[in-house]
Amino acid sequence: MAEAEEERHLKLTGEFDCDPSPLSTLRHSTSHVMAQAVKRLFPDVKLAIGPAIEDGFYYDFAKAEPFSADDLGRIEEVMGEIARADHPFERREMDRPQAIRFFRERGEPFKVEILEAIDAPRVSLYQQGEFIDLCRGPHVPSTGHVRFFKLLASSGAYWRGDERNPMLQRIYGTAWLTREELDKHLWRLEEAKKRDHRKLGRELDLFAFHDVSPGAPFWLPHGMVIVRELERFAREAQDARGYTEISTPILVNKKLWEQSGHWEHYSDNMFRLEVEEQLFSLKPMNCPPSTFVYRHALRSYRDLPLRLSEMGRLHRNERSGTLTGLVRVRQFTQDDAHIYCRPDQLQDEITGVLELVREFYKTFNLEPSFRLATRPPKAMGSPEQWDAAERALHEALKANGLAYEVKPGDGAFYGPKIDIHIEDALGRDWQMATVQVDLVMLPERFQLEYIDADGQPKRPVAIHRAIFGSFERFIGVLTEHYAGAFPTWLAPVQARVLPISEKHAEYGRTVYERLRAARLRVELDDRNEKLGYRIREAQLKKVPYMLVVGERERASGTVSLRHRTGDELKDVSVERVIADFTREISARAPDLTVGRS
RNA sequence: GCUGGCGUAGCUCAGUGGAAGAGCAACUGCCUUGUAAGCAGUGGGUCGGGGGUUCAAGUCCUCCCGCCAGCGCCA
């Protein structure tokens, strides 16, 4: 989104073909007002570009020293002055050579560079007060319309996004049409911080990071429960769909990676180590090792499709600055699978994978978006193969009734793919699942064959697919999606038994033992603390159910049930609690239903 | 990797050159507890690591590590 905005911003044509929606026009104008304020405070800075982006805007400046937090405050003040002065935005047009001379005289080398790179004969400039900028508009009528904004952050950014170019200083801000919308947006940003999976991971004791292994999570017992439940879910679904599970080595000799092409194309991201004068690498992908399983036996056309799944532990040497909690790590586990099939089976196999994707994501109330990436300029394989593979992907999406976006030229060099993204509750976009057709890489480089009905060896097609993507990223996203309040089947602790006082500890223990015997993840909190205190702790840990037991409950063999939503259900029998739990968990239900049956 | 910011108790954070602190958590005791914090006491620190400046360094300088934001990267 941001990239596309920037791209369009740079393609000045002098026409009003920017996104002319009121909000994006306002944000664009706000970025000009900010640039004006920056120029007033720091006359030596050079202007680069300043587009509207999703939720706001930015402007890049060439400046020796970075902007400080104090600077942002001063800039905001001057922006307020400029807004109050209500300068009109005035459009002016120039011939391109004239504009180049104009900006050269004003000492704006980036504007000159932009102008030299475009082919429009005439360009437009916009002026408000003493500030004038190359821009195709449109803008709000005057700076007085710029009222509800806030500067959020500053950071380095490369000119034209290329790390070989000089680094500029970027200021991000947000702007809205009303005070209410601005406040709401700022509130949302605060909420996002609260449900950040890194914060929740620590608070809920799910996982930890340590500088002895950057980018590799330590799964704590509670987090590991979630990993195991997701693995169980994946295995159940795959078993039901005719997958068989394999496990291949993590440490693999260089010669395999040379054969697969990774050594040539991916070695910067591979951890290598030398063992008895041989070079090895930790696998960054599962596909090359999986071919050994395919080739273990001579395959008949009757054996296909062969669906080999693997919970593959991968290592990728991501650059240090890229690591982010669980969502960008150096070590992760993929719920990977490789489906080897005949060309005539491709369609059905992809359709089946997409069904699986739908089933999985529905369970979590996640709404994925589907992007079909087609043949890139540099592609291996014949156009006929590509057409067939792309057609199969289109058809599979349609068969599943899925809306999708086409990303022309975005496919891998070895085949087209569908990338599956989800937006979390805060509107951020993550790539999760992937379905990739592989026409050449595995089949050709590893010379995979099956014996067809006519007795002749043929090349199978391979499908690489992952449904969660990686358990790490998925759990990171899921934690934020649920804000830590996992549904019961995933909750590390599903219930806590809270005896009112010491007098009821024994009955509490009985209830606890019965639930434990029913294989629930239950804890007994009979600490010498007030009930309110222990309720509060269970709430903070987002335990779905609290089972309070006192005199009345002991007498009747019941519990008083409190849901973490705050709902209370009195006098529920232990039998019913267990029955409801069992049903809710085995259905992987999204909502709390115990005591409501 | 680049630019900037940050790193003090398990957690959240105060401490701008002169005796390492607070709240929560933990532990102990009192209270015997009815749906989101009862009271009191106790223990807890290589101030991320190395080197340097200084009579004196959590504080200043320097190198390294990690984290955060953005950029870039992302088969």
# chains A, B, ... in the order shown; residues from 1 in each chain; ligands from 1

call {"tool": "interface_residues", "arguments": {"of": "chain A", "to": "chain B", "cutoff": "9 Å", "atoms": "only C-alpha atoms (C1' of nucleotides)", "output": "PyMOL selection string"}}
result
chain A and resi 66-68+153-158+161-163+167-170+202-203+210-212+214+262+265-266+285+318-322+412-414+500-503+528-540+548-550+562+566+568

call {"tool": "atom_distance", "arguments": {"atom1": "CA of Asp429 (chain A)", "atom2": "CA of Glu367 (chain A)"}}
result
11.1 Å

call {"tool": "atom_distance", "arguments": {"atom1": "CA of Glu65 (chain A)", "atom2": "C1' of C6 (chain B)"}}
result
18.5 Å

call {"tool": "atom_distance", "arguments": {"atom1": "CA of Arg188 (chain A)", "atom2": "CA of Thr479 (chain A)"}}
result
16.8 Å

call {"tool": "residues_around", "arguments": {"residues": "Gly401 (chain A)", "least_positions_apart": "3", "cutoff": "12 Å", "atoms": "only C-alpha atoms (C1' of nucleotides)", "output": "ChimeraX atom specification"}}
result
/A:351,354-355,358,370,394-398,404

call {"tool": "write_last_selection", "arguments": {"atoms": "C-alpha atoms", "output": "compact mmCIF listing (two decimals), in the first residue's frame"}}
result
# COMPACT_ATOMS: atom_id res chain seq x y z
CA THR A 351 -8.43 -27.39 -4.59
CA LEU A 354 -7.36 -24.49 -0.39
CA GLU A 355 -10.17 -26.38 1.36
CA ARG A 358 -10.37 -22.45 4.59
CA PHE A 370 -5.72 -14.73 -1.38
CA HIS A 394 -7.55 -19.92 -10.75
CA GLU A 395 -9.93 -22.86 -10.93
CA ALA A 396 -9.10 -24.04 -7.42
CA LEU A 397 -9.81 -20.57 -6.03
CA LYS A 398 -13.12 -20.47 -7.88
CA TYR A 404 -8.64 -13.21 -4.83

call {"tool": "select_by_dssp", "arguments": {"residues": "region 416-586 of chain A", "states": "strand (DSSP E or B)", "output": "number ranges by chain"}}
result
A: 417-423, 429-438, 450-451, 457-458, 461-470, 495-499, 522-524, 545-549, 558-563, 568-573

call {"tool": "closest_residue", "arguments": {"among": "A:Phe486, A:Tyr361, A:Phe61, A:Tyr507", "to": "Leu206 (chain A)", "atoms": "only C-alpha atoms"}}
result
A:Phe486

call {"tool": "residues_around", "arguments": {"residues": "region 589-596 of chain A", "least_positions_apart": "6", "cutoff": "10 Å", "atoms": "only C-alpha atoms (C1' of nucleotides)", "output": "ChimeraX atom specification"}}
result
/A:362-365,486-490,544-545,559-565,568-574,576-583

call {"tool": "residues_around", "arguments": {"residues": "Tyr126 (chain A)", "least_positions_apart": "2", "cutoff": "7 Å", "atoms": "only C-alpha atoms (C1' of nucleotides)", "output": "VMD selection string"}}
result
chain A and resid 89 to 92 124 128 132 to 135

call {"tool": "write_last_selection", "arguments": {"atoms": "N, CA, C and O atoms", "output": "JSON list (two decimals), in the first residue's frame"}}
result
[["chain", "number", "residue", "atom", "x", "y", "z"],
["A", 89, "PHE", "N", -3.75, 26.86, -0.98],
["A", 89, "PHE", "CA", -2.88, 26.02, -1.83],
["A", 89, "PHE", "C", -3.09, 26.49, -3.26],
["A", 89, "PHE", "O", -4.21, 26.43, -3.78],
["A", 90, "GLU", "N", -2.03, 26.99, -3.88],
["A", 90, "GLU", "CA", -2.16, 27.51, -5.24],
["A", 90, "GLU", "C", -1.40, 26.64, -6.23],
["A", 90, "GLU", "O", -0.22, 26.35, -6.03],
["A", 91, "ARG", "N", -2.13, 26.21, -7.26],
["A", 91, "ARG", "CA", -1.53, 25.35, -8.28],
["A", 91, "ARG", "C", -0.90, 26.21, -9.37],
["A", 91, "ARG", "O", -1.44, 27.25, -9.75],
["A", 92, "ARG", "N", 0.25, 25.75, -9.84],
["A", 92, "ARG", "CA", 0.94, 26.45, -10.91],
["A", 92, "ARG", "C", 1.52, 25.40, -11.84],
["A", 92, "ARG", "O", 1.88, 24.32, -11.38],
["A", 124, "SER", "N", 3.14, 20.16, -12.48],
["A", 124, "SER", "CA", 2.47, 21.14, -11.62],
["A", 124, "SER", "C", 3.24, 21.34, -10.32],
["A", 124, "SER", "O", 3.94, 20.44, -9.85],
["A", 128, "GLN", "N", 1.91, 27.11, -0.86],
["A", 128, "GLN", "CA", 1.11, 27.66, 0.22],
["A", 128, "GLN", "C", 2.04, 28.54, 1.02],
["A", 128, "GLN", "O", 3.10, 28.09, 1.46],
["A", 132, "ILE", "N", 6.86, 26.10, -1.62],
["A", 132, "ILE", "CA", 6.43, 25.63, -2.93],
["A", 132, "ILE", "C", 7.05, 24.26, -3.18],
["A", 132, "ILE", "O", 8.20, 24.02, -2.83],
["A", 133, "ASP", "N", 6.24, 23.36, -3.74],
["A", 133, "ASP", "CA", 6.70, 21.98, -3.91],
["A", 133, "ASP", "C", 6.21, 21.44, -5.23],
["A", 133, "ASP", "O", 5.10, 21.74, -5.67],
["A", 134, "LEU", "N", 7.04, 20.61, -5.82],
["A", 134, "LEU", "CA", 6.65, 19.86, -7.01],
["A", 134, "LEU", "C", 5.60, 18.84, -6.58],
["A", 134, "LEU", "O", 5.82, 18.08, -5.65],
["A", 135, "CYS", "N", 4.47, 18.84, -7.26],
["A", 135, "CYS", "CA", 3.39, 17.97, -6.78],
["A", 135, "CYS", "C", 2.27, 18.00, -7.79],
["A", 135, "CYS", "O", 1.94, 19.03, -8.35]]

call {"tool": "residues_around", "arguments": {"residues": "region 271-275 of chain A", "least_positions_apart": "3", "cutoff": "10 Å", "atoms": "only C-alpha atoms (C1' of nucleotides)", "output": "list in words"}}
result
Leu251, Val252, Asn253, Lys254, Ser267, Asp268, Gln278, Leu279, Phe280, Ser281, Leu282, Lys283, Pro284, His315, Arg316, Asn317, Glu318 and Arg330 of chain A

call {"tool": "write_last_selection", "arguments": {"atoms": "N, CA, C and O atoms", "output": "CSV table (one decimal), in the first residue's frame"}}
result
chain,number,residue,atom,x,y,z
A,251,LEU,N,20.6,-30.7,9.4
A,251,LEU,CA,22.0,-30.4,9.0
A,251,LEU,C,22.3,-31.2,7.7
A,251,LEU,O,22.3,-32.4,7.7
A,252,VAL,N,22.5,-30.4,6.6
A,252,VAL,CA,22.5,-31.1,5.3
A,252,VAL,C,23.8,-30.6,4.5
A,252,VAL,O,24.1,-29.4,4.5
A,253,ASN,N,24.4,-31.5,3.9
A,253,ASN,CA,25.7,-31.2,3.1
A,253,ASN,C,25.4,-30.2,2.0
A,253,ASN,O,24.4,-30.3,1.3
A,254,LYS,N,26.4,-29.4,1.8
A,254,LYS,CA,26.4,-28.4,0.8
A,254,LYS,C,26.0,-28.9,-0.6
A,254,LYS,O,25.3,-28.2,-1.4
A,267,SER,N,22.4,-18.5,-0.4
A,267,SER,CA,23.4,-18.8,0.6
A,267,SER,C,23.6,-17.7,1.6
A,267,SER,O,24.0,-18.0,2.8
A,268,ASP,N,23.3,-16.4,1.3
A,268,ASP,CA,23.5,-15.4,2.3
A,268,ASP,C,22.6,-15.6,3.5
A,268,ASP,O,22.9,-15.1,4.6
A,278,GLN,N,34.0,-31.0,5.6
A,278,GLN,CA,32.9,-30.9,4.7
A,278,GLN,C,32.0,-29.7,5.1
A,278,GLN,O,31.8,-29.5,6.3
A,279,LEU,N,31.5,-29.0,4.1
A,279,LEU,CA,30.6,-27.9,4.4
A,279,LEU,C,29.2,-28.4,4.5
A,279,LEU,O,28.7,-29.1,3.6
A,280,PHE,N,28.5,-28.0,5.6
A,280,PHE,CA,27.1,-28.3,5.7
A,280,PHE,C,26.3,-27.0,5.9
A,280,PHE,O,26.9,-25.9,6.2
A,281,SER,N,25.0,-27.1,5.8
A,281,SER,CA,24.2,-25.9,6.1
A,281,SER,C,22.9,-26.4,6.9
A,281,SER,O,22.5,-27.5,6.7
A,282,LEU,N,22.5,-25.6,7.8
A,282,LEU,CA,21.2,-25.8,8.4
A,282,LEU,C,20.1,-25.6,7.4
A,282,LEU,O,20.2,-24.6,6.7
A,283,LYS,N,19.1,-26.4,7.2
A,283,LYS,CA,18.2,-26.3,6.1
A,283,LYS,C,17.4,-25.0,6.3
A,283,LYS,O,16.8,-24.8,7.3
A,284,PRO,N,17.3,-24.2,5.2
A,284,PRO,CA,16.4,-23.0,5.2
A,284,PRO,C,15.0,-23.4,4.7
A,284,PRO,O,14.1,-22.6,4.8
A,315,HIS,N,16.1,-22.9,9.6
A,315,HIS,CA,17.0,-21.8,10.1
A,315,HIS,C,17.3,-20.9,8.9
A,315,HIS,O,17.8,-21.4,7.9
A,316,ARG,N,17.0,-19.6,9.0
A,316,ARG,CA,17.4,-18.7,8.0
A,316,ARG,C,18.1,-17.5,8.7
A,316,ARG,O,17.6,-17.0,9.7
A,317,ASN,N,19.2,-17.2,8.1
A,317,ASN,CA,20.0,-16.1,8.7
A,317,ASN,C,19.5,-14.8,8.3
A,317,ASN,O,20.1,-14.1,7.4
A,318,GLU,N,18.4,-14.4,8.9
A,318,GLU,CA,17.9,-13.1,8.5
A,318,GLU,C,18.8,-12.0,9.1
A,318,GLU,O,19.3,-12.1,10.2
A,330,ARG,N,14.8,-16.3,13.2
A,330,ARG,CA,15.8,-17.0,12.5
A,330,ARG,C,15.6,-18.6,12.5
A,330,ARG,O,16.1,-19.3,11.7

call {"tool": "closest_atom_pairs", "arguments": {"of": "region 320-349 of chain A", "to": "region 464-475 of chain A", "cutoff": "9 Å", "atoms": "only C-alpha atoms", "output": "Markdown table"}}
result
| residue | atom | partner | partner_atom | distance |
| --- | --- | --- | --- | --- |
| A:Gly325 | CA | A:Arg473 | CA | 8.6 |
| A:Leu326 | CA | A:Glu472 | CA | 5.2 |
| A:Val327 | CA | A:Arg473 | CA | 4.1 |
| A:Arg328 | CA | A:Arg473 | CA | 7.0 |
| A:Val329 | CA | A:Glu472 | CA | 8.0 |
| A:Gln331 | CA | A:Glu472 | CA | 8.8 |
| A:Phe332 | CA | A:Glu472 | CA | 6.1 |
| A:Thr333 | CA | A:Ser470 | CA | 5.4 |
| A:Gln334 | CA | A:Ser470 | CA | 4.3 |
| A:Asp335 | CA | A:Ala466 | CA | 5.4 |
| A:Asp336 | CA | A:Ala466 | CA | 4.6 |
| A:Ala337 | CA | A:Arg465 | CA | 5.4 |
| A:His338 | CA | A:His464 | CA | 4.8 |
| A:Ile339 | CA | A:His464 | CA | 6.7 |

call {"tool": "write_last_selection", "arguments": {"atoms": "C-alpha atoms", "output": "CSV table (one decimal), in the first residue's frame"}}
result
chain,number,residue,atom,x,y,z
A,325,GLY,CA,9.4,-11.1,18.1
A,326,LEU,CA,7.8,-14.3,16.8
A,327,VAL,CA,6.8,-13.0,13.4
A,328,ARG,CA,10.3,-12.7,12.0
A,329,VAL,CA,12.7,-15.2,13.4
A,331,GLN,CA,14.6,-20.4,13.6
A,332,PHE,CA,11.1,-21.6,13.0
A,333,THR,CA,8.9,-24.6,12.4
A,334,GLN,CA,6.9,-24.9,9.2
A,335,ASP,CA,3.8,-27.0,8.8
A,336,ASP,CA,5.2,-27.9,5.4
A,337,ALA,CA,4.1,-30.5,2.9
A,338,HIS,CA,5.1,-31.4,-0.6
A,339,ILE,CA,2.5,-33.0,-2.8

call {"tool": "select_by_dssp", "arguments": {"residues": "region 338-423 of chain A", "states": "helix (DSSP H, G or I)", "output": "PyMOL selection string"}}
result
chain A and resi 343-363+383-399

call {"tool": "closest_residue", "arguments": {"among": "A:Leu448, A:Lys111, A:Glu310, A:Arg179", "to": "Phe292 (chain A)", "atoms": "only C-alpha atoms"}}
result
A:Leu448

call {"tool": "residues_around", "arguments": {"residues": "His87 (chain A)", "least_positions_apart": "4", "cutoff": "12 Å", "atoms": "only C-alpha atoms (C1' of nucleotides)", "output": "list in words"}}
result
Ser29, His32, Val33, Gln36, Met79, Gly80, Glu81, Ile82, Ala83, Tyr126, Gln127, Gln128, Gly129, Glu130, Phe131, Ile132, Val140, Pro141, Ser142, Thr143, Gly144, His145 and Val146 of chain A
